[in-house]
$ cat coords00.pdb   # PDB, C-alpha atoms
ATOM      1  CA  MET A  12       0.000   0.000   0.000
ATOM      2  CA  THR A  13       1.475   3.320  -1.000
ATOM      3  CA  ALA A  14       0.771   6.420   1.075
ATOM      4  CA  PRO A  15       1.738  10.053   0.684
ATOM      5  CA  SER A  16       4.644  11.165   2.874
ATOM      6  CA  THR A  17       3.868  13.278   5.919
ATOM      7  CA  ALA A  18       6.239  16.005   4.699
ATOM      8  CA  GLU A  19       4.512  16.230   1.313
ATOM      9  CA  ARG A  20       1.078  16.496   2.882
ATOM     10  CA  MET A  21       2.166  19.079   5.462
ATOM     11  CA  THR A  22       3.677  21.250   2.711
ATOM     12  CA  ARG A  23       0.438  21.017   0.730
ATOM     13  CA  LEU A  24      -1.709  21.876   3.762
ATOM     14  CA  LEU A  25       0.380  24.956   4.513
ATOM     15  CA  ALA A  26       0.032  26.134   0.906
ATOM     16  CA  LEU A  27      -3.707  25.453   0.627
ATOM     17  CA  VAL A  28      -4.870  28.356   2.825
ATOM     18  CA  PRO A  29      -3.044  31.180   0.960
ATOM     19  CA  TYR A  30      -4.002  29.441  -2.315
ATOM     20  CA  LEU A  31      -7.688  29.597  -1.410
ATOM     21  CA  THR A  32      -7.348  33.094   0.053
ATOM     22  CA  ALA A  33      -6.092  34.329  -3.330
ATOM     23  CA  ARG A  34      -9.366  33.050  -4.866
ATOM     24  CA  PRO A  35     -12.103  34.715  -2.802
ATOM     25  CA  ASP A  36     -14.819  33.616  -5.233
ATOM     26  CA  GLY A  37     -13.829  29.983  -4.745
ATOM     27  CA  VAL A  38     -12.198  27.418  -7.001
ATOM     28  CA  ARG A  39     -13.375  24.148  -8.525
ATOM     29  CA  LEU A  40     -12.165  21.142  -6.556
ATOM     30  CA  ALA A  41     -10.950  19.483  -9.739
ATOM     31  CA  ASP A  42      -8.908  22.589 -10.683
ATOM     32  CA  ALA A  43      -7.367  22.866  -7.203
ATOM     33  CA  ALA A  44      -6.468  19.166  -7.224
ATOM     34  CA  ALA A  45      -4.790  19.580 -10.620
ATOM     35  CA  ASP A  46      -2.839  22.626  -9.386
ATOM     36  CA  PHE A  47      -1.486  20.648  -6.425
ATOM     37  CA  GLY A  48      -0.886  17.477  -8.461
ATOM     38  CA  VAL A  49      -3.137  15.227  -6.368
ATOM     39  CA  THR A  50      -6.425  13.437  -6.905
ATOM     40  CA  GLU A  51      -9.691  15.147  -6.030
ATOM     41  CA  ALA A  52     -10.259  12.514  -3.323
ATOM     42  CA  GLN A  53      -6.899  13.364  -1.714
ATOM     43  CA  LEU A  54      -7.693  17.092  -1.881
ATOM     44  CA  ARG A  55     -11.007  16.464  -0.100
ATOM     45  CA  ARG A  56      -9.159  14.591   2.650
ATOM     46  CA  ASP A  57      -6.739  17.523   2.980
ATOM     47  CA  LEU A  58      -9.628  19.992   3.255
ATOM     48  CA  ASP A  59     -11.312  17.810   5.878
ATOM     49  CA  LEU A  60      -8.084  17.920   7.880
ATOM     50  CA  LEU A  61      -7.770  21.709   7.484
ATOM     51  CA  TRP A  62     -11.242  22.029   8.967
ATOM     52  CA  VAL A  63      -9.939  20.883  12.364
ATOM     53  CA  CYS A  64      -6.799  23.062  12.294
ATOM     54  CA  GLY A  65      -6.533  26.560  13.643
ATOM     55  CA  LEU A  66      -5.642  28.657  16.678
ATOM     56  CA  PRO A  67      -5.228  27.561  20.311
ATOM     57  CA  GLY A  68      -8.588  27.075  21.948
ATOM     58  CA  HIS A  69      -9.887  24.973  19.056
ATOM     59  CA  GLY A  70     -13.378  26.449  19.369
ATOM     60  CA  PRO A  71     -15.706  27.249  16.444
ATOM     61  CA  GLY A  72     -14.196  30.723  16.156
ATOM     62  CA  ASP A  73     -10.612  29.465  16.233
ATOM     63  CA  LEU A  74     -10.576  26.870  13.450
ATOM     64  CA  ILE A  75     -10.027  27.356   9.727
ATOM     65  CA  ASP A  76     -13.428  27.467   8.039
ATOM     66  CA  LEU A  77     -14.372  26.493   4.482
ATOM     67  CA  ALA A  78     -17.534  26.767   2.414
ATOM     68  CA  PHE A  79     -18.485  24.188  -0.215
ATOM     69  CA  GLU A  80     -20.858  25.257  -2.979
ATOM     70  CA  GLY A  81     -21.476  22.484  -5.481
ATOM     71  CA  ASP A  82     -18.099  21.499  -6.916
ATOM     72  CA  ARG A  83     -16.389  24.668  -5.620
ATOM     73  CA  VAL A  84     -14.699  25.514  -2.342
ATOM     74  CA  ARG A  85     -13.733  28.834  -0.789
ATOM     75  CA  ILE A  86     -12.189  29.811   2.510
ATOM     76  CA  THR A  87     -14.212  31.900   4.977
ATOM     77  CA  PHE A  88     -11.771  32.075   7.922
ATOM     78  CA  THR A  89      -8.005  31.736   7.586
ATOM     79  CA  ALA A  90      -6.976  31.662  11.272
ATOM     80  CA  GLY A  91      -4.202  34.062  10.304
ATOM     81  CA  MET A  92      -2.583  31.849   7.655
ATOM     82  CA  VAL A  93      -2.646  34.431   4.871
ATOM     83  CA  ARG A  94       1.010  34.925   3.959
ATOM     84  CA  PRO A  95       1.650  33.525   0.457
ATOM     85  CA  LEU A  96       4.556  31.204  -0.171
ATOM     86  CA  ARG A  97       7.898  32.930  -0.802
ATOM     87  CA  LEU A  98      10.971  31.104  -2.028
ATOM     88  CA  SER A  99      14.311  31.763  -0.400
ATOM     89  CA  THR A 100      17.366  31.953  -2.655
ATOM     90  CA  ASP A 101      18.363  28.399  -1.665
ATOM     91  CA  GLU A 102      14.861  27.116  -2.404
ATOM     92  CA  ALA A 103      14.799  28.883  -5.758
ATOM     93  CA  VAL A 104      18.193  27.410  -6.665
ATOM     94  CA  ALA A 105      16.965  23.905  -5.758
ATOM     95  CA  LEU A 106      13.858  24.357  -7.898
ATOM     96  CA  ILE A 107      15.853  25.693 -10.864
ATOM     97  CA  VAL A 108      18.281  22.767 -10.675
ATOM     98  CA  ALA A 109      15.372  20.301 -10.454
ATOM     99  CA  LEU A 110      13.689  21.802 -13.514
ATOM    100  CA  ARG A 111      16.934  21.750 -15.482
ATOM    101  CA  THR A 112      17.390  18.089 -14.505
ATOM    102  CA  LEU A 113      13.878  17.330 -15.682
ATOM    103  CA  LEU A 114      14.636  18.896 -19.055
ATOM    104  CA  GLU A 115      17.524  16.443 -19.444
ATOM    105  CA  LEU A 116      15.252  13.406 -19.195
ATOM    106  CA  PRO A 117      15.302  11.418 -22.425
ATOM    107  CA  GLY A 118      11.984  11.321 -24.211
ATOM    108  CA  LEU A 119      10.351  13.966 -21.987
ATOM    109  CA  ALA A 120       6.952  14.745 -23.490
ATOM    110  CA  GLU A 121       6.290  17.854 -21.383
ATOM    111  CA  GLY A 122       9.500  19.664 -22.299
ATOM    112  CA  GLU A 123       7.798  22.888 -23.410
ATOM    113  CA  ALA A 124       5.831  23.180 -20.154
ATOM    114  CA  VAL A 125       8.974  22.530 -18.088
ATOM    115  CA  SER A 126      10.859  25.176 -20.063
ATOM    116  CA  ARG A 127       8.122  27.726 -19.381
ATOM    117  CA  ALA A 128       8.148  26.886 -15.679
ATOM    118  CA  LEU A 129      11.949  27.207 -15.565
ATOM    119  CA  ALA A 130      11.772  30.617 -17.234
ATOM    120  CA  LYS A 131       9.150  31.860 -14.751
ATOM    121  CA  VAL A 132      11.024  30.626 -11.683
ATOM    122  CA  SER A 133      14.308  32.067 -12.962
ATOM    123  CA  ALA A 134      12.670  35.430 -13.649
ATOM    124  CA  ALA A 135      11.003  35.520 -10.223
ATOM    125  CA  ALA A 136      14.179  34.459  -8.407
ATOM    126  CA  GLY A 137      16.293  37.066 -10.156
ATOM    127  CA  HIS A 138      20.053  37.275 -10.631
ATOM    128  CA  PRO A 139      21.193  35.875  -7.232
ATOM    129  CA  ALA A 140      19.575  32.501  -7.836
ATOM    130  CA  GLU A 141      20.797  32.281 -11.428
ATOM    131  CA  ALA A 142      24.314  33.207 -10.314
ATOM    132  CA  ARG A 143      24.312  30.387  -7.767
ATOM    133  CA  ALA A 144      22.856  27.732 -10.072
ATOM    134  CA  PRO A 145      25.432  27.080 -12.835
ATOM    135  CA  VAL A 146      25.009  23.383 -12.113
ATOM    136  CA  ALA A 147      25.659  20.616 -14.610
ATOM    137  CA  VAL A 148      23.092  17.852 -14.381
ATOM    138  CA  SER A 149      23.202  14.241 -15.439
ATOM    139  CA  VAL A 150      20.520  11.643 -15.900
ATOM    140  CA  ASP A 151      20.571   8.524 -13.709
ATOM    141  CA  ALA A 152      19.403   4.993 -14.386
ATOM    142  CA  ARG A 153      15.816   5.778 -13.400
ATOM    143  CA  ALA A 154      15.575   8.321 -16.208
ATOM    144  CA  GLN A 155      16.873   5.701 -18.614
ATOM    145  CA  SER A 156      14.137   3.336 -17.415
ATOM    146  CA  LEU A 157      11.571   6.044 -18.111
ATOM    147  CA  ALA A 158      12.875   6.426 -21.660
ATOM    148  CA  VAL A 159      12.725   2.667 -22.313
ATOM    149  CA  VAL A 160       9.241   2.321 -20.810
ATOM    150  CA  ARG A 161       8.004   5.325 -22.771
ATOM    151  CA  GLU A 162       9.338   3.706 -25.956
ATOM    152  CA  GLY A 163       7.431   0.517 -25.179
ATOM    153  CA  VAL A 164       4.206   2.423 -24.550
ATOM    154  CA  GLU A 165       4.515   4.533 -27.703
ATOM    155  CA  ARG A 166       5.485   1.602 -29.939
ATOM    156  CA  HIS A 167       2.948  -0.756 -28.333
ATOM    157  CA  ARG A 168       5.641  -3.320 -27.544
ATOM    158  CA  ALA A 169       5.824  -5.766 -24.633
ATOM    159  CA  LEU A 170       8.392  -5.087 -21.912
ATOM    160  CA  HIS A 171      10.585  -7.424 -19.888
ATOM    161  CA  LEU A 172      11.514  -5.985 -16.515
ATOM    162  CA  HIS A 173      13.154  -6.763 -13.190
ATOM    163  CA  TYR A 174      11.001  -5.226 -10.456
ATOM    164  CA  TYR A 175      11.538  -4.765  -6.727
ATOM    165  CA  VAL A 176       8.481  -5.475  -4.531
ATOM    166  CA  PRO A 177       9.139  -3.636  -1.231
ATOM    167  CA  SER A 178       6.289  -5.274   0.693
ATOM    168  CA  ARG A 179       7.994  -8.671   0.214
ATOM    169  CA  ASP A 180      11.568  -7.369  -0.065
ATOM    170  CA  GLU A 181      11.778  -9.368  -3.279
ATOM    171  CA  ARG A 182      13.110  -8.777  -6.783
ATOM    172  CA  THR A 183      10.930 -10.284  -9.477
ATOM    173  CA  GLU A 184      11.282 -10.858 -13.207
ATOM    174  CA  ARG A 185       8.239 -10.533 -15.429
ATOM    175  CA  THR A 186       6.913  -9.700 -18.895
ATOM    176  CA  VAL A 187       4.193  -7.066 -19.159
ATOM    177  CA  ASP A 188       1.969  -5.515 -21.820
ATOM    178  CA  PRO A 189       2.156  -1.745 -21.249
ATOM    179  CA  MET A 190      -1.044   0.320 -21.268
ATOM    180  CA  ARG A 191      -0.035   3.837 -20.159
ATOM    181  CA  LEU A 192       2.419   5.966 -18.170
ATOM    182  CA  LEU A 193       1.229   7.948 -15.150
ATOM    183  CA  LEU A 194       2.821  10.717 -13.069
ATOM    184  CA  VAL A 195       1.244  10.715  -9.601
ATOM    185  CA  ASP A 196       2.518  12.709  -6.599
ATOM    186  CA  GLY A 197       5.933  13.108  -8.227
ATOM    187  CA  HIS A 198       6.419   9.431  -9.100
ATOM    188  CA  TRP A 199       6.207   7.769 -12.524
ATOM    189  CA  TYR A 200       4.127   4.601 -12.794
ATOM    190  CA  LEU A 201       3.661   2.101 -15.600
ATOM    191  CA  GLU A 202       0.182   0.641 -15.805
ATOM    192  CA  ALA A 203       0.385  -2.696 -17.592
ATOM    193  CA  TRP A 204      -1.051  -6.170 -17.901
ATOM    194  CA  CYS A 205       1.285  -8.470 -15.967
ATOM    195  CA  ARG A 206       1.474 -11.878 -17.621
ATOM    196  CA  ASN A 207       2.798 -13.456 -14.421
ATOM    197  CA  ALA A 208      -0.014 -12.184 -12.183
ATOM    198  CA  GLU A 209      -2.604 -12.287 -14.989
ATOM    199  CA  GLY A 210      -3.943  -8.898 -13.998
ATOM    200  CA  VAL A 211      -3.466  -5.144 -14.384
ATOM    201  CA  ARG A 212      -0.689  -3.821 -12.164
ATOM    202  CA  LEU A 213       0.991  -0.487 -11.422
ATOM    203  CA  PHE A 214       4.808  -0.526 -11.465
ATOM    204  CA  ARG A 215       6.663   2.399  -9.905
ATOM    205  CA  LEU A 216       9.533   3.237 -12.217
ATOM    206  CA  ASP A 217      12.092   3.911  -9.493
ATOM    207  CA  ARG A 218      11.625   0.263  -8.416
ATOM    208  CA  ILE A 219      12.438  -1.103 -11.865
ATOM    209  CA  ASP A 220      16.028  -2.391 -11.826
ATOM    210  CA  ASP A 221      16.206  -3.261 -15.515
ATOM    211  CA  VAL A 222      13.799  -3.043 -18.457
ATOM    212  CA  ALA A 223      13.962  -3.956 -22.133
ATOM    213  CA  VAL A 224      11.605  -3.510 -25.075
ATOM    214  CA  LEU A 225      10.714  -6.868 -26.638
ATOM    215  CA  ASP A 226      10.246  -7.510 -30.324
ATOM    216  CA  GLU A 227       6.631  -8.515 -29.881
ATOM    217  CA  PRO A 228       3.458  -6.409 -29.763
ATOM    218  CA  ALA A 229       1.838  -5.479 -26.468
ATOM    219  CA  ALA A 230      -1.443  -7.370 -26.254
ATOM    220  CA  PRO A 231      -3.418  -6.626 -23.079
ATOM    221  CA  PRO A 232      -6.472  -8.925 -22.997
ATOM    222  CA  PRO A 233     -10.025  -7.523 -23.298
ATOM    223  CA  GLN A 234     -10.514  -7.609 -19.517
ATOM    224  CA  ALA A 235      -7.544  -5.259 -18.967
ATOM    225  CA  HIS A 236      -8.949  -1.802 -18.180
ATOM    226  CA  GLU A 237      -7.203   1.383 -17.095
ATOM    227  CA  ARG A 238      -8.147   2.177 -13.519
ATOM    228  CA  ASP A 239     -10.007   5.349 -12.556
ATOM    229  CA  LEU A 240      -7.651   7.278 -10.266
ATOM    230  CA  ALA A 241     -10.326   9.664  -8.967
ATOM    231  CA  GLU A 242     -10.374   7.709  -5.684
ATOM    232  CA  GLY A 243      -6.612   7.559  -5.368
ATOM    233  CA  LEU A 244      -3.746   5.421  -6.563
ATOM    234  CA  TYR A 245      -4.336   2.504  -4.218
ATOM    235  CA  GLN A 246      -7.641   0.789  -4.975
ATOM    236  CA  PRO A 247      -7.888  -2.717  -3.515
ATOM    237  CA  GLY A 248     -10.224  -5.092  -5.271
ATOM    238  CA  ALA A 249     -13.456  -6.345  -3.719
ATOM    239  CA  ALA A 250     -12.016  -9.862  -3.558
ATOM    240  CA  GLU A 251      -9.063  -8.798  -1.404
ATOM    241  CA  PRO A 252      -9.289  -9.585   2.333
ATOM    242  CA  LEU A 253     -10.628  -7.160   4.913
ATOM    243  CA  VAL A 254      -8.527  -6.297   7.952
ATOM    244  CA  ARG A 255     -10.349  -5.022  11.032
ATOM    245  CA  LEU A 256      -8.277  -3.210  13.651
ATOM    246  CA  ARG A 257      -9.078  -1.532  16.945
ATOM    247  CA  LEU A 258      -6.856   1.502  17.396
ATOM    248  CA  ALA A 259      -5.935   3.207  20.645
ATOM    249  CA  ARG A 260      -6.299   6.971  20.896
ATOM    250  CA  THR A 261      -2.623   7.425  20.017
ATOM    251  CA  ALA A 262      -3.043   5.450  16.761
ATOM    252  CA  ARG A 263      -6.176   7.167  15.403
ATOM    253  CA  TRP A 264      -3.958   8.862  12.806
ATOM    254  CA  VAL A 265      -3.993   5.587  10.850
ATOM    255  CA  ALA A 266      -7.533   6.392   9.656
ATOM    256  CA  ASP A 267      -6.299   9.705   8.191
ATOM    257  CA  TYR A 268      -3.119   8.318   6.680
ATOM    258  CA  TYR A 269      -4.439   5.153   5.000
ATOM    259  CA  PRO A 270      -7.640   4.627   2.961
ATOM    260  CA  VAL A 271     -10.144   2.925   5.270
ATOM    261  CA  GLU A 272     -13.504   1.509   4.224
ATOM    262  CA  GLU A 273     -15.204   1.900   7.603
ATOM    263  CA  GLN A 274     -14.430   3.552  10.914
ATOM    264  CA  THR A 275     -16.391   3.503  14.172
ATOM    265  CA  GLU A 276     -15.798   5.085  17.573
ATOM    266  CA  VAL A 277     -15.229   2.493  20.319
ATOM    267  CA  THR A 278     -14.870   2.607  24.088
ATOM    268  CA  ASP A 279     -12.464  -0.339  24.255
ATOM    269  CA  PRO A 280      -9.827   0.972  24.253
ATOM    270  CA  PRO A 281     -11.064   4.331  25.661
ATOM    271  CA  GLY A 282     -11.173   6.952  22.919
ATOM    272  CA  GLY A 283     -10.331   4.314  20.363
ATOM    273  CA  LEU A 284     -11.370   3.755  16.788
ATOM    274  CA  ALA A 285     -12.320   0.579  14.940
ATOM    275  CA  VAL A 286     -11.252   0.667  11.277
ATOM    276  CA  THR A 287     -11.593  -1.641   8.318
ATOM    277  CA  VAL A 288      -9.021  -1.655   5.529
ATOM    278  CA  ARG A 289      -8.752  -3.867   2.479
ATOM    279  CA  THR A 290      -5.349  -5.087   1.342
ATOM    280  CA  SER A 291      -3.923  -7.867  -0.780
ATOM    281  CA  ASP A 292      -0.788  -8.002   1.362
ATOM    282  CA  LEU A 293      -1.280  -9.242   4.918
ATOM    283  CA  SER A 294       2.447  -8.861   5.545
ATOM    284  CA  TRP A 295       1.969  -5.089   5.152
ATOM    285  CA  ALA A 296      -0.823  -5.175   7.741
ATOM    286  CA  ARG A 297       1.334  -7.273  10.086
ATOM    287  CA  ARG A 298       4.166  -4.733   9.890
ATOM    288  CA  LEU A 299       1.715  -1.854  10.439
ATOM    289  CA  VAL A 300       0.324  -3.454  13.613
ATOM    290  CA  ALA A 301       3.840  -4.232  14.873
ATOM    291  CA  SER A 302       4.969  -0.641  14.230
ATOM    292  CA  LEU A 303       2.129   0.700  16.409
ATOM    293  CA  GLY A 304       3.701  -0.900  19.480
ATOM    294  CA  GLY A 305       0.573  -2.292  21.128
ATOM    295  CA  ALA A 306      -1.711   0.572  20.088
ATOM    296  CA  ALA A 307      -3.573  -1.665  17.611
ATOM    297  CA  THR A 308      -5.443  -4.946  18.085
ATOM    298  CA  VAL A 309      -6.346  -7.266  15.213
ATOM    299  CA  ASP A 310      -9.994  -8.383  15.267
ATOM    300  CA  GLU A 311      -9.993  -9.993  11.812
ATOM    301  CA  PRO A 312      -8.747 -12.027  10.052
ATOM    302  CA  VAL A 313      -7.702 -14.692  12.537
ATOM    303  CA  GLU A 314      -4.737 -15.525  10.312
ATOM    304  CA  LEU A 315      -3.323 -12.023  10.757
ATOM    305  CA  ALA A 316      -3.932 -12.005  14.512
ATOM    306  CA  THR A 317      -2.050 -15.320  14.772
ATOM    307  CA  GLN A 318       0.880 -13.976  12.729
ATOM    308  CA  VAL A 319       1.120 -10.843  14.893
ATOM    309  CA  ALA A 320       1.049 -12.907  18.102
ATOM    310  CA  GLU A 321       3.710 -15.308  16.813
ATOM    311  CA  ALA A 322       5.957 -12.434  15.715
ATOM    312  CA  ALA A 323       5.583 -10.792  19.134
ATOM    313  CA  ARG A 324       6.443 -14.022  20.960
ATOM    314  CA  ALA A 325       9.474 -14.534  18.721
ATOM    315  CA  ALA A 326      10.684 -11.008  19.429
ATOM    316  CA  LEU A 327      10.280 -11.485  23.188
ATOM    317  CA  ALA A 328      12.170 -14.758  22.980
ATOM    318  CA  ARG A 329      15.092 -13.050  21.254
ATOM    319  CA  TYR A 330      15.214 -10.455  24.037
ATOM    320  CA  ALA A 331      15.211 -13.251  26.627
ATOM    321  CA  ASP A 332      18.127 -14.929  24.876
TER     322      ASP A 332
END
$ encode --input "coords00.pdb" --output "structure tokens"
Amino acid sequence: MTAPSTAERMTRLLALVPYLTARPDGVRLADAAADFGVTEAQLRRDLDLLWVCGLPGHGPGDLIDLAFEGDRVRITFTAGMVRPLRLSTDEAVALIVALRTLLELPGLAEGEAVSRALAKVSAAAGHPAEARAPVAVSVDARAQSLAVVREGVERHRALHLHYYVPSRDERTERTVDPMRLLLVDGHWYLEAWCRNAEGVRLFRLDRIDDVAVLDEPAAPPPQAHERDLAEGLYQPGAAEPLVRLRLARTARWVADYYPVEEQTEVTDPPGGLAVTVRTSDLSWARRLVASLGGAATVDEPVELATQVAEAARAALARYAD
């Protein structure tokens, strides 16, 4: 399961208030999501979180307030967060270098847009930033993977790749029929029909160790459909198992950080939350529960509860030794 980093979300939340303040008549949710490079569902979750942020006291008159009108949103109380984002010289230099690096990517389809963005940032930063950014950039292996994958997509050719699966700490070898390339939250993904798994899969390009274009046409079967990303990148299938957890007060953040299907207030533990998540990888759920250090209890499935208990006993035994 892939989740946005805390740093990325915090940066977006801090920028959302001045962004909305600059648009007093409101902005379409779809337009705001596009401006921030996230899905509309993620933007709605960010706005829900902003609603409970504000000044000390946390009363109705202290919290950031928003108004939703159809598919538009506007801000009605900023709680003092009105200063627009300003780049320091160091930040401007970093952004200029990043844009120049992006322009060096082989096969970049958005080169004109990147060039325009580079020109605007350079003009806004002025001479000091330009004087400090005479940096030569080079393209690493990940950029080469992007070029090869893009070639396979454009030529409609099958791809053979070596892929790292972090949830299993395993490197796999597979042949796929590419469908499209996606850029989501700053990461490139290949959506393709995986012949090994016999299903549509998303492959993050920075986890591809090696890739080659095959001399055979890509032939996704009729049941291979591009997924609708309106509800986010991670969309578990209905056939994947449900995991039901009871979270202590200190672990309630899990419901904000991961996509949950259901959540219910509970009194055991006091101030706790019962959540239901769906995942194809029980090992991910086992690691999540272990990382919460006793602040989560597995109600279902029994298999997961058994694995967590066995892992805990094994850990205690190692300490005893």
$ closest_residue --input "coords00.pdb" --among "A:Leu258, A:Ala43, A:Val309, A:Val125" --to "Val28 of chain A" --atoms "all atoms listed in the file"
A:Ala43
$ closest_residue --input "coords00.pdb" --among "A:Pro189, A:Tyr175, A:Asp196, A:Arg238" --to "Arg23 of chain A" --atoms "all atoms listed in the file"
A:Asp196
$ residues_around --input "coords00.pdb" --residues "Phe88 of chain A" --least-positions-apart "2" --cutoff "8 Å" --atoms "all atoms listed in the file" --output "compact mmCIF listing (two decimals) with C-alpha atoms, keeping the file's coordinate frame"
# COMPACT_ATOMS: atom_id res chain seq x y z
CA LEU A 74 -10.58 26.87 13.45
CA ILE A 75 -10.03 27.36 9.73
CA ASP A 76 -13.43 27.47 8.04
CA LEU A 77 -14.37 26.49 4.48
CA ILE A 86 -12.19 29.81 2.51
CA ALA A 90 -6.98 31.66 11.27
$ closest_residue --input "coords00.pdb" --among "A:Arg161, A:Val49, A:Glu276, A:Thr32" --to "Glu19 of chain A" --atoms "all atoms listed in the file"
A:Val49
$ residues_around --input "coords00.pdb" --residues "Trp264 of chain A" --least-positions-apart "3" --cutoff "12 Å" --atoms "all atoms listed in the file" --output "number ranges by chain"
A: 17, 60, 258-261, 267-271, 274, 283-286, 303, 306-307
$ write_last_selection --input "coords00.pdb" --atoms "C-alpha atoms" --output "PDB file, in the frame of the given file"
ATOM      1  CA  THR A  17       3.868  13.278   5.919  1.00  0.00           C
ATOM      2  CA  LEU A  60      -8.084  17.920   7.880  1.00  0.00           C
ATOM      3  CA  LEU A 258      -6.856   1.502  17.396  1.00  0.00           C
ATOM      4  CA  ALA A 259      -5.935   3.207  20.645  1.00  0.00           C
ATOM      5  CA  ARG A 260      -6.299   6.971  20.896  1.00  0.00           C
ATOM      6  CA  THR A 261      -2.623   7.425  20.017  1.00  0.00           C
ATOM      7  CA  ASP A 267      -6.299   9.705   8.191  1.00  0.00           C
ATOM      8  CA  TYR A 268      -3.119   8.318   6.680  1.00  0.00           C
ATOM      9  CA  TYR A 269      -4.439   5.153   5.000  1.00  0.00           C
ATOM     10  CA  PRO A 270      -7.640   4.627   2.961  1.00  0.00           C
ATOM     11  CA  VAL A 271     -10.144   2.925   5.270  1.00  0.00           C
ATOM     12  CA  GLN A 274     -14.430   3.552  10.914  1.00  0.00           C
ATOM     13  CA  GLY A 283     -10.331   4.314  20.363  1.00  0.00           C
ATOM     14  CA  LEU A 284     -11.370   3.755  16.788  1.00  0.00           C
ATOM     15  CA  ALA A 285     -12.320   0.579  14.940  1.00  0.00           C
ATOM     16  CA  VAL A 286     -11.252   0.667  11.277  1.00  0.00           C
ATOM     17  CA  LEU A 303       2.129   0.700  16.409  1.00  0.00           C
ATOM     18  CA  ALA A 306      -1.711   0.572  20.088  1.00  0.00           C
ATOM     19  CA  ALA A 307      -3.573  -1.665  17.611  1.00  0.00           C
TER      20      ALA A 307
END
$ atom_distance --input "coords00.pdb" --atom1 "atom CA of Arg329 of chain A" --atom2 "atom CA of Ser294 of chain A"
20.6 Å
$ atom_distance --input "coords00.pdb" --atom1 "atom CA of Trp199 of chain A" --atom2 "atom CA of Leu213 of chain A"
9.8 Å
$ decode --input "coords00.pdb" --residues "segment 229-240 of chain A" --atoms "N, CA, C and O atoms" --output "CSV table (one decimal), in the first residue's frame"
chain,number,residue,atom,x,y,z
A,229,ALA,N,2.6,-5.4,-27.7
A,229,ALA,CA,1.8,-5.5,-26.5
A,229,ALA,C,0.4,-5.9,-26.8
A,229,ALA,O,-0.2,-5.4,-27.7
A,230,ALA,N,-0.1,-6.9,-26.0
A,230,ALA,CA,-1.4,-7.4,-26.3
A,230,ALA,C,-2.2,-7.6,-25.0
A,230,ALA,O,-2.5,-8.7,-24.5
A,231,PRO,N,-2.6,-6.5,-24.3
A,231,PRO,CA,-3.4,-6.6,-23.1
A,231,PRO,C,-4.7,-7.3,-23.5
A,231,PRO,O,-5.3,-7.0,-24.5
A,232,PRO,N,-5.2,-8.2,-22.7
A,232,PRO,CA,-6.5,-8.9,-23.0
A,232,PRO,C,-7.7,-8.0,-22.8
A,232,PRO,O,-7.6,-6.9,-22.3
A,233,PRO,N,-8.8,-8.4,-23.4
A,233,PRO,CA,-10.0,-7.5,-23.3
A,233,PRO,C,-10.4,-7.1,-21.9
A,233,PRO,O,-11.0,-6.0,-21.7
A,234,GLN,N,-10.1,-8.0,-20.9
A,234,GLN,CA,-10.5,-7.6,-19.5
A,234,GLN,C,-9.6,-6.6,-18.8
A,234,GLN,O,-9.8,-6.2,-17.7
A,235,ALA,N,-8.5,-6.2,-19.5
A,235,ALA,CA,-7.5,-5.3,-19.0
A,235,ALA,C,-8.1,-3.8,-19.2
A,235,ALA,O,-8.2,-3.4,-20.3
A,236,HIS,N,-8.4,-3.2,-18.1
A,236,HIS,CA,-8.9,-1.8,-18.2
A,236,HIS,C,-8.1,-0.9,-17.3
A,236,HIS,O,-7.6,-1.2,-16.2
A,237,GLU,N,-7.9,0.4,-17.9
A,237,GLU,CA,-7.2,1.4,-17.1
A,237,GLU,C,-8.0,1.8,-15.9
A,237,GLU,O,-9.3,2.0,-16.0
A,238,ARG,N,-7.4,1.9,-14.7
A,238,ARG,CA,-8.1,2.2,-13.5
A,238,ARG,C,-8.5,3.7,-13.4
A,238,ARG,O,-7.7,4.5,-13.9
A,239,ASP,N,-9.6,4.0,-12.8
A,239,ASP,CA,-10.0,5.3,-12.6
A,239,ASP,C,-9.3,5.8,-11.3
A,239,ASP,O,-9.5,5.2,-10.2
A,240,LEU,N,-8.5,6.8,-11.4
A,240,LEU,CA,-7.7,7.3,-10.3
A,240,LEU,C,-8.3,8.4,-9.4
A,240,LEU,O,-7.7,9.0,-8.6
